[in-house]
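Heads up, input-v3.tsv below (TSV, C-alpha atoms and all ligand atoms):
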```tsv
chain	number	residue	atom	x	y	z
S	185	THR	CA	-61.40	-16.72	28.95
S	186	LEU	CA	-60.89	-13.00	28.34
S	187	ARG	CA	-58.87	-11.22	31.03
S	188	ILE	CA	-59.68	-7.52	31.38
S	189	GLN	CA	-57.66	-5.42	33.80
S	190	VAL	CA	-59.62	-2.60	35.47
S	191	ILE	CA	-57.16	-0.01	36.76
S	192	ASN	CA	-58.13	2.41	39.51
S	193	PRO	CA	-55.50	5.13	38.98
S	194	ASN	CA	-55.77	6.28	42.60
S	195	THR	CA	-54.43	4.19	45.48
S	196	SER	CA	-57.70	3.97	47.49
S	197	LEU	CA	-58.27	0.25	48.07
S	198	ALA	CA	-61.92	0.82	49.00
S	199	MET	CA	-62.58	2.53	45.66
S	200	THR	CA	-60.64	-0.17	43.83
S	201	GLN	CA	-63.00	-2.67	45.46
S	202	THR	CA	-66.11	-0.67	44.48
S	203	ILE	CA	-64.86	-0.43	40.90
S	204	GLY	CA	-63.96	-4.12	40.69
S	205	GLU	CA	-67.39	-5.18	41.99
S	206	ALA	CA	-69.18	-2.97	39.45
S	207	ALA	CA	-67.08	-4.42	36.65
S	208	ARG	CA	-67.74	-8.02	37.72
S	209	MET	CA	-71.51	-7.34	37.93
S	210	VAL	CA	-71.67	-6.84	34.14
S	211	ALA	CA	-68.76	-8.92	32.86
S	212	SER	CA	-69.72	-11.82	30.58
S	213	ALA	CA	-69.35	-15.37	31.82
S	214	GLY	CA	-66.18	-15.78	29.78
S	215	THR	CA	-64.54	-12.62	31.12
S	216	GLU	CA	-62.22	-12.50	34.12
S	217	ILE	CA	-61.92	-9.03	35.73
S	218	LEU	CA	-58.58	-8.14	37.33
S	219	SER	CA	-59.04	-5.14	39.62
S	220	VAL	CA	-55.80	-3.24	40.32
S	221	CYS	CA	-54.41	0.10	41.47
S	222	PRO	CA	-50.89	1.63	41.37
S	223	SER	CA	-48.25	0.42	43.86
S	224	HIS	CA	-47.54	4.07	44.67
S	225	GLY	CA	-49.41	7.29	44.01
S	226	VAL	CA	-52.25	9.53	45.12
S	227	PRO	CA	-55.27	8.42	47.20
S	228	SER	CA	-57.74	10.31	45.00
S	229	ILE	CA	-57.57	12.26	41.77
S	230	GLU	CA	-59.08	15.73	42.07
S	231	GLY	CA	-57.22	17.88	39.58
S	232	HIS	CA	-54.46	18.17	37.00
S	233	PHE	CA	-51.56	17.49	39.40
S	234	ASP	CA	-53.27	14.36	40.80
S	235	GLU	CA	-53.98	13.20	37.24
S	236	ALA	CA	-50.31	13.40	36.29
S	237	ILE	CA	-49.44	11.15	39.24
S	238	GLY	CA	-52.33	8.82	38.47
S	239	ALA	CA	-51.27	8.55	34.83
S	240	MET	CA	-47.89	7.12	35.85
S	241	GLY	CA	-49.68	4.50	37.93
S	242	VAL	CA	-51.84	3.62	34.93
S	243	LEU	CA	-48.74	3.13	32.78
S	244	GLU	CA	-47.15	0.94	35.48
S	245	GLN	CA	-50.24	-1.29	35.68
S	246	VAL	CA	-50.68	-1.46	31.90
S	247	THR	CA	-47.03	-2.52	31.59
S	248	LEU	CA	-47.48	-5.26	34.21
S	249	GLY	CA	-50.77	-6.35	32.64
S	250	GLU	CA	-49.24	-6.58	29.17
S	251	ARG	CA	-46.43	-8.74	30.53
S	252	ALA	CA	-49.05	-10.95	32.20
S	253	GLY	CA	-50.90	-11.22	28.89
S	254	VAL	CA	-54.17	-9.47	29.80
S	255	ASP	CA	-56.47	-8.95	26.82
S	256	GLY	CA	-57.68	-5.42	27.54
S	257	HIS	CA	-57.43	-2.51	29.97
S	258	ILE	CA	-59.87	-0.05	31.53
S	259	ILE	CA	-58.80	3.27	33.07
S	260	ALA	CA	-61.30	3.65	35.89
S	261	CYS	CA	-60.99	7.36	36.67
S	262	PHE	CA	-63.26	9.94	35.08
S	263	GLY	CA	-60.33	11.96	33.79
S	264	ASP	CA	-59.14	8.96	31.72
S	265	PRO	CA	-55.57	9.74	32.87
S	266	GLY	CA	-52.77	8.40	30.70
S	267	LEU	CA	-55.18	7.11	28.06
S	268	LEU	CA	-53.12	7.70	24.90
S	269	ALA	CA	-49.80	6.80	26.57
S	270	ALA	CA	-51.42	3.57	27.78
S	271	ARG	CA	-52.60	2.84	24.24
S	272	GLU	CA	-48.99	3.07	23.00
S	273	LEU	CA	-48.02	0.40	25.53
S	274	ALA	CA	-50.99	-1.90	24.99
S	275	THR	CA	-51.76	-4.40	22.23
S	276	GLY	CA	-55.38	-4.95	23.30
S	277	PRO	CA	-58.02	-2.25	23.74
S	278	VAL	CA	-57.61	0.48	26.38
S	279	VAL	CA	-60.86	2.28	27.25
S	280	GLY	CA	-61.35	5.12	29.73
S	281	ILE	CA	-64.55	5.26	31.79
S	282	ALA	CA	-65.33	8.83	30.74
S	283	GLU	CA	-65.14	8.11	27.00
S	284	ALA	CA	-67.05	4.85	27.45
S	285	ALA	CA	-69.89	6.48	29.37
S	286	MET	CA	-70.06	9.43	26.96
S	287	HIS	CA	-70.20	7.17	23.90
S	288	MET	CA	-72.98	5.06	25.46
S	289	ALA	CA	-74.97	8.18	26.40
S	290	THR	CA	-74.90	9.46	22.80
S	291	LEU	CA	-76.44	6.17	21.64
S	292	LEU	CA	-79.35	6.57	24.07
S	293	ALA	CA	-80.17	10.30	24.15
S	294	THR	CA	-79.54	13.47	22.17
S	295	ARG	CA	-78.32	15.29	25.29
S	296	PHE	CA	-76.64	14.03	28.42
S	297	SER	CA	-75.52	15.74	31.61
S	298	ILE	CA	-72.61	14.74	33.82
S	299	VAL	CA	-72.64	14.58	37.63
S	300	THR	CA	-69.15	14.56	39.12
S	301	THR	CA	-67.52	15.31	42.49
S	302	LEU	CA	-65.61	18.58	42.94
S	303	PRO	CA	-66.16	21.82	41.02
S	304	ARG	CA	-62.48	21.83	40.04
S	305	THR	CA	-62.86	18.51	38.21
S	306	VAL	CA	-65.74	19.91	36.13
S	307	ILE	CA	-63.11	21.52	33.90
S	308	ILE	CA	-61.48	18.12	33.37
S	309	ALA	CA	-64.80	16.71	32.14
S	310	ARG	CA	-65.17	19.70	29.84
S	311	HIS	CA	-61.67	19.13	28.42
S	312	LEU	CA	-62.60	15.50	27.69
S	313	LEU	CA	-65.89	16.48	26.02
S	314	ARG	CA	-63.90	18.68	23.63
S	315	GLN	CA	-61.13	16.13	23.14
S	316	TYR	CA	-63.60	13.32	22.34
S	317	GLY	CA	-65.91	15.51	20.25
S	318	PHE	CA	-68.93	15.25	22.53
S	319	GLU	CA	-69.38	18.92	23.46
S	320	GLN	CA	-72.51	19.23	21.32
S	321	HIS	CA	-74.07	16.24	23.12
S	322	CYS	CA	-73.46	17.40	26.69
S	323	GLN	CA	-76.06	19.72	28.21
S	324	ALA	CA	-74.34	20.43	31.55
S	325	VAL	CA	-71.67	19.26	33.98
S	326	HIS	CA	-72.62	19.33	37.68
S	327	ALA	CA	-70.56	18.72	40.83
S	328	ILE	CA	-71.82	17.42	44.18
S	329	ASP	CA	-69.05	19.54	45.75
S	330	LEU	CA	-67.70	16.70	47.87
S	331	PRO	CA	-64.23	15.12	47.73
S	332	VAL	CA	-63.83	11.86	45.82
S	333	LEU	CA	-63.18	9.76	48.92
S	334	SER	CA	-66.43	10.96	50.55
S	335	LEU	CA	-67.94	8.25	48.33
S	336	GLU	CA	-66.03	5.67	50.40
S	337	ASP	CA	-66.69	7.04	53.91
S	338	GLY	CA	-69.55	4.64	54.56
S	339	THR	CA	-72.07	7.33	55.56
S	340	GLY	CA	-74.02	7.27	52.29
S	341	PHE	CA	-74.05	11.08	52.39
S	342	ALA	CA	-72.18	11.49	49.09
S	343	GLN	CA	-74.42	8.90	47.44
S	344	GLN	CA	-77.48	10.90	48.56
S	345	LYS	CA	-75.95	14.07	47.07
S	346	VAL	CA	-75.35	12.24	43.78
S	347	ARG	CA	-79.00	11.16	43.76
S	348	GLU	CA	-80.24	14.70	44.46
S	349	ARG	CA	-78.00	16.18	41.78
S	350	CYS	CA	-79.18	13.63	39.21
S	351	ILE	CA	-82.83	14.42	40.01
S	352	GLN	CA	-82.06	18.15	39.65
S	353	ALA	CA	-80.20	17.61	36.37
S	354	LYS	CA	-83.06	15.63	34.86
S	355	ALA	CA	-85.54	18.36	35.83
S	356	GLN	CA	-83.41	21.37	34.86
S	357	ASP	CA	-81.23	20.30	31.96
S	358	ASN	CA	-83.78	18.67	29.69
S	359	CYS	CA	-81.20	15.89	29.28
S	360	GLY	CA	-82.22	12.41	28.21
S	361	ALA	CA	-79.40	10.63	30.02
S	362	ILE	CA	-76.94	11.22	32.86
S	363	VAL	CA	-73.29	10.16	33.06
S	364	LEU	CA	-71.84	9.51	36.52
S	365	GLY	CA	-68.51	11.29	36.63
S	366	CYS	CA	-66.48	9.21	39.06
S	367	GLY	CA	-65.25	5.65	39.28
S	368	GLY	CA	-66.47	5.63	42.87
S	369	MET	CA	-70.07	6.14	41.71
S	370	ALA	CA	-69.98	2.90	39.70
S	371	ASN	CA	-72.42	1.09	42.02
S	372	LEU	CA	-75.14	3.78	41.80
S	373	ALA	CA	-76.12	3.72	38.13
S	374	ARG	CA	-78.61	0.85	38.02
S	375	GLU	CA	-80.71	2.04	40.98
S	376	LEU	CA	-80.68	5.67	39.78
S	377	SER	CA	-81.73	4.60	36.27
S	378	HIS	CA	-84.76	2.84	37.74
S	379	GLU	CA	-85.65	5.68	40.10
S	380	LEU	CA	-85.24	8.48	37.54
S	381	GLY	CA	-86.63	6.62	34.55
S	382	ILE	CA	-83.75	7.71	32.31
S	383	PRO	CA	-80.44	6.02	31.48
S	384	VAL	CA	-77.93	6.83	34.24
S	385	ILE	CA	-74.62	5.53	32.94
S	386	ASP	CA	-71.58	4.35	34.87
S	387	GLY	CA	-68.35	4.39	32.90
S	388	VAL	CA	-66.87	1.29	34.56
S	389	SER	CA	-69.61	-1.04	33.37
S	390	ALA	CA	-69.83	0.76	30.02
S	391	ALA	CA	-66.10	0.26	29.52
S	392	VAL	CA	-66.27	-3.46	30.40
S	393	LYS	CA	-68.86	-4.05	27.67
S	394	MET	CA	-66.97	-1.90	25.15
S	395	VAL	CA	-63.71	-3.77	25.73
S	396	GLU	CA	-65.59	-7.08	25.45
S	397	ALA	CA	-67.19	-5.82	22.21
S	398	LEU	CA	-63.84	-4.80	20.72
S	399	LEU	CA	-62.25	-8.12	21.69
S	400	GLY	CA	-65.29	-9.96	20.33
S	401	LEU	CA	-64.63	-8.25	16.99
S	402	GLY	CA	-60.99	-9.32	17.18
S	403	LEU	CA	-59.92	-5.67	17.48
S	404	GLY	CA	-57.12	-4.15	19.57
S	405	THR	CA	-55.35	-0.81	19.80
S	406	SER	CA	-53.87	0.31	16.50
S	407	LYS	CA	-50.09	-0.07	16.43
S	408	HIS	CA	-49.79	1.96	13.24
S	409	GLY	CA	-48.72	5.59	13.67
S	410	ASP	CA	-48.87	7.52	16.92
S	411	LEU	CA	-50.13	4.60	19.04
S	412	ALA	CA	-47.26	2.32	18.06
S	413	LYS	CA	-45.04	1.12	20.90
S	414	PRO	CA	-42.82	3.93	22.26
S	415	ASN	CA	-39.39	4.23	20.67
S	416	PRO	CA	-37.08	2.17	22.95
S	417	LYS	CA	-34.83	4.29	25.18
S	418	PRO	CA	-32.92	3.48	28.39
S	419	LEU	CA	-35.31	4.71	31.10
S	420	THR	CA	-33.73	5.38	34.48
S	421	GLY	CA	-34.64	5.59	38.17
S	422	PRO	CA	-38.34	5.00	38.91
S	423	TYR	CA	-39.04	4.64	35.18
S	424	ALA	CA	-36.65	1.69	34.68
S	425	ILE	CA	-39.62	-0.66	35.24
S	426	PHE	CA	-40.82	0.32	31.74
S	427	ASN	CA	-37.66	-0.99	30.06
S	428	ASP	CA	-38.19	-4.26	28.21
S	429	PRO	CA	-37.07	-7.08	30.53
U	501	LIG	O1	-62.62	13.47	39.08
U	501	LIG	C1	-63.35	12.83	39.84
U	501	LIG	O2	-64.13	13.25	40.65
U	501	LIG	C2	-63.38	11.40	39.75
U	501	LIG	C3	-62.08	10.74	39.57
U	501	LIG	N1	-61.09	10.93	40.65
U	501	LIG	C4	-60.77	9.73	41.18
U	501	LIG	O3	-59.95	9.54	42.09
U	501	LIG	N2	-61.49	8.77	40.57
U	501	LIG	C5	-62.29	9.29	39.63
U	501	LIG	O4	-63.12	8.69	38.90
```
Output the file's structure as structure tokens, nothing else.
Amino acid sequence: TLRIQVINPNTSLAMTQTIGEAARMVASAGTEILSVCPSHGVPSIEGHFDEAIGAMGVLEQVTLGERAGVDGHIIACFGDPGLLAARELATGPVVGIAEAAMHMATLLATRFSIVTTLPRTVIIARHLLRQYGFEQHCQAVHAIDLPVLSLEDGTGFAQQKVRERCIQAKAQDNCGAIVLGCGGMANLARELSHELGIPVIDGVSAAVKMVEALLGLGLGTSKHGDLAKPNPKPLTGPYAIFNDP
């Protein structure tokens, strides 16, 4: 059995549950999904400061997962916080939901749009598009202008706003696909794909299949060069957990 750890970098248990369920929906029969979040941190990630806190939680969970022998890791926040640092720590694949969804979209359409939560996180998506080399594939980045945890308030209001924004994006952007820009939207993609008649891609499920694909090819994170394990140093205080036991 493959064991893939899906890390929600924020501490919202409801969102961790949503993410875990979406991952299990698509996982292969031989794949066990471990759904985790940091022991301490920030309830939602809505900017650069939150991302820095979330990244430390990702590194904590990757460290624990590596010690438990998990085969691969998913960073289930659309900013992919801590991605490269996590890859230094990991032997198996580490895939972020933003990069996973963006890669999948480029295989299905010549242009995709992104629908995310707050206007201030639009810039984070734009930074990732540049970092991953997808700027020329992305037509637009839209925000529903609601906080991340509105997706977990049980009213369905945020979900309705996501739906409306996706319909608008398809009509206005001339995009062939849409990427959902939040781990908390993971359970909306299948229904929206059917309703809109275009691929609406959730990064959690995309990342599960990409990690399974990499493992199926016998591939893991390169340990040659800048993604080799960090140079050992005596870490102190809250970072002592990263020291080799
Ligand atoms: O940036 C966002 O809107 C989404 C991002 N924040 C978060 O707590 N989980 C996420 O996927």
Selection as a PyMOL selection string: residues within 8 Å of ligand LIG 501 (chain U) by all atoms listed in the file: chain S and resi 192-194+227-231+260-263+300-302+305-306+308-309+331-333+365-369
Include C-alpha atoms and write out the residues we just selected as a compact mmCIF listing (two decimals), in the coordinates of the input.
```
# COMPACT_ATOMS: atom_id res chain seq x y z
CA ASN S 192 -58.13 2.41 39.51
CA PRO S 193 -55.50 5.13 38.98
CA ASN S 194 -55.77 6.28 42.60
CA PRO S 227 -55.27 8.42 47.20
CA SER S 228 -57.74 10.31 45.00
CA ILE S 229 -57.57 12.26 41.77
CA GLU S 230 -59.08 15.73 42.07
CA GLY S 231 -57.22 17.88 39.58
CA ALA S 260 -61.30 3.65 35.89
CA CYS S 261 -60.99 7.36 36.67
CA PHE S 262 -63.26 9.94 35.08
CA GLY S 263 -60.33 11.96 33.79
CA THR S 300 -69.15 14.56 39.12
CA THR S 301 -67.52 15.31 42.49
CA LEU S 302 -65.61 18.58 42.94
CA THR S 305 -62.86 18.51 38.21
CA VAL S 306 -65.74 19.91 36.13
CA ILE S 308 -61.48 18.12 33.37
CA ALA S 309 -64.80 16.71 32.14
CA PRO S 331 -64.23 15.12 47.73
CA VAL S 332 -63.83 11.86 45.82
CA LEU S 333 -63.18 9.76 48.92
CA GLY S 365 -68.51 11.29 36.63
CA CYS S 366 -66.48 9.21 39.06
CA GLY S 367 -65.25 5.65 39.28
CA GLY S 368 -66.47 5.63 42.87
CA MET S 369 -70.07 6.14 41.71
```
Near-Ala293 (chain S) list (6 Å; only C-alpha atoms; drop same-chain fewer than 3 positions) as a ChimeraX atom specification: /S:290,360-361
Long-range neighbours of Leu268 (chain S) as a compact mmCIF listing (two decimals) with C-alpha atoms, keeping the file's coordinate frame, 12 Å cut-off, all atoms listed in the file, 3 positions minimum in chain:
```
# COMPACT_ATOMS: atom_id res chain seq x y z
CA ALA S 239 -51.27 8.55 34.83
CA VAL S 242 -51.84 3.62 34.93
CA LEU S 243 -48.74 3.13 32.78
CA VAL S 246 -50.68 -1.46 31.90
CA ILE S 259 -58.80 3.27 33.07
CA ASP S 264 -59.14 8.96 31.72
CA PRO S 265 -55.57 9.74 32.87
CA ARG S 271 -52.60 2.84 24.24
CA GLU S 272 -48.99 3.07 23.00
CA LEU S 273 -48.02 0.40 25.53
CA ALA S 274 -50.99 -1.90 24.99
CA PRO S 277 -58.02 -2.25 23.74
CA VAL S 278 -57.61 0.48 26.38
CA VAL S 279 -60.86 2.28 27.25
CA GLY S 280 -61.35 5.12 29.73
CA GLN S 315 -61.13 16.13 23.14
CA THR S 405 -55.35 -0.81 19.80
CA SER S 406 -53.87 0.31 16.50
CA LYS S 407 -50.09 -0.07 16.43
CA ASP S 410 -48.87 7.52 16.92
CA LEU S 411 -50.13 4.60 19.04
CA ALA S 412 -47.26 2.32 18.06
CA LYS S 413 -45.04 1.12 20.90
CA PRO S 414 -42.82 3.93 22.26
```
With distances taken over only C-alpha atoms, the candidate from S:Gln245, S:Ser212, S:Ser223, S:Gln323 nearest Ile191 (chain S) is S:Gln245
Option closest in space to Asn358 (chain S), from S:Thr294, S:Gln189, S:Thr275, S:Ser377 [counting only C-alpha atoms]: S:Thr294
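Proximity ranking of S:Ile237, S:Val210, S:Leu419, S:Leu364 relative to Ile281 (chain S) places S:Leu364 first, based on only C-alpha atoms.
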For Leu218 (chain S), the nearest of the candidates S:Ala373, S:Thr195, S:Val392, S:Ala397, counting all atoms listed in the file: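 Looking only at the distances to Leu218 (chain S), the closest residue turns out to be S:Val392.
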Let me make sure I understand: among S:Arg295, S:His287, S:His311, S:Lys393, which one has the smallest atom-to-atom distance to Cys359 (chain S) if we use all atoms listed in the file?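 Among S:Arg295, S:His287, S:His311, S:Lys393, it is S:Arg295 that comes nearest to Cys359 (chain S).
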Å distance separating CA of Ala282 (chain S) from CA of Gly387 (chain S), one decimal place: 5.8 Å
Around all listed atoms of region 273-281 of chain S, padded 3 Å per side, what centre and edge lengths does the axis-aligned box have in Å to one decimal, as AutoDock Vina command-line options?
```
--center_x -56.3 --center_y 0.2 --center_z 27.0 --size_x 22.5 --size_y 16.2 --size_z 15.6
```
Atomic separation - CA of Gly238 (chain S) relative to CA of Ala391 (chain S), Å: 18.5 Å
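For the residues S:Met394, S:Leu403, S:Ala424, S:Leu197, ranking by smallest atom-to-atom distance to Met288 (chain S) using only C-alpha atoms places S:Met394 first.
Taking CA of Phe426 (chain S) and CA of Glu283 (chain S) as the two end points, the separation is 26.0 Å.
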Residues within 12 Å of (-66.6, -13.9, 20.3), counting all atoms listed in the file, listed as a list in words: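 Within 12 Å of (-66.6, -13.9, 20.3), the protein and nucleic acid residues are Thr185, Leu186, Ser212, Ala213, Gly214, Thr215, Val395, Glu396, Ala397, Leu398, Leu399, Gly400, Leu401, Gly402 and Leu403 of chain S.
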Selection: 10 Å around Glu375 (chain S), all atoms listed in the file, excl. self and same-chain fewer than 5 positions, as a list of chain:residue names: S:Arg347, S:Leu380, S:Gly381, S:Val384
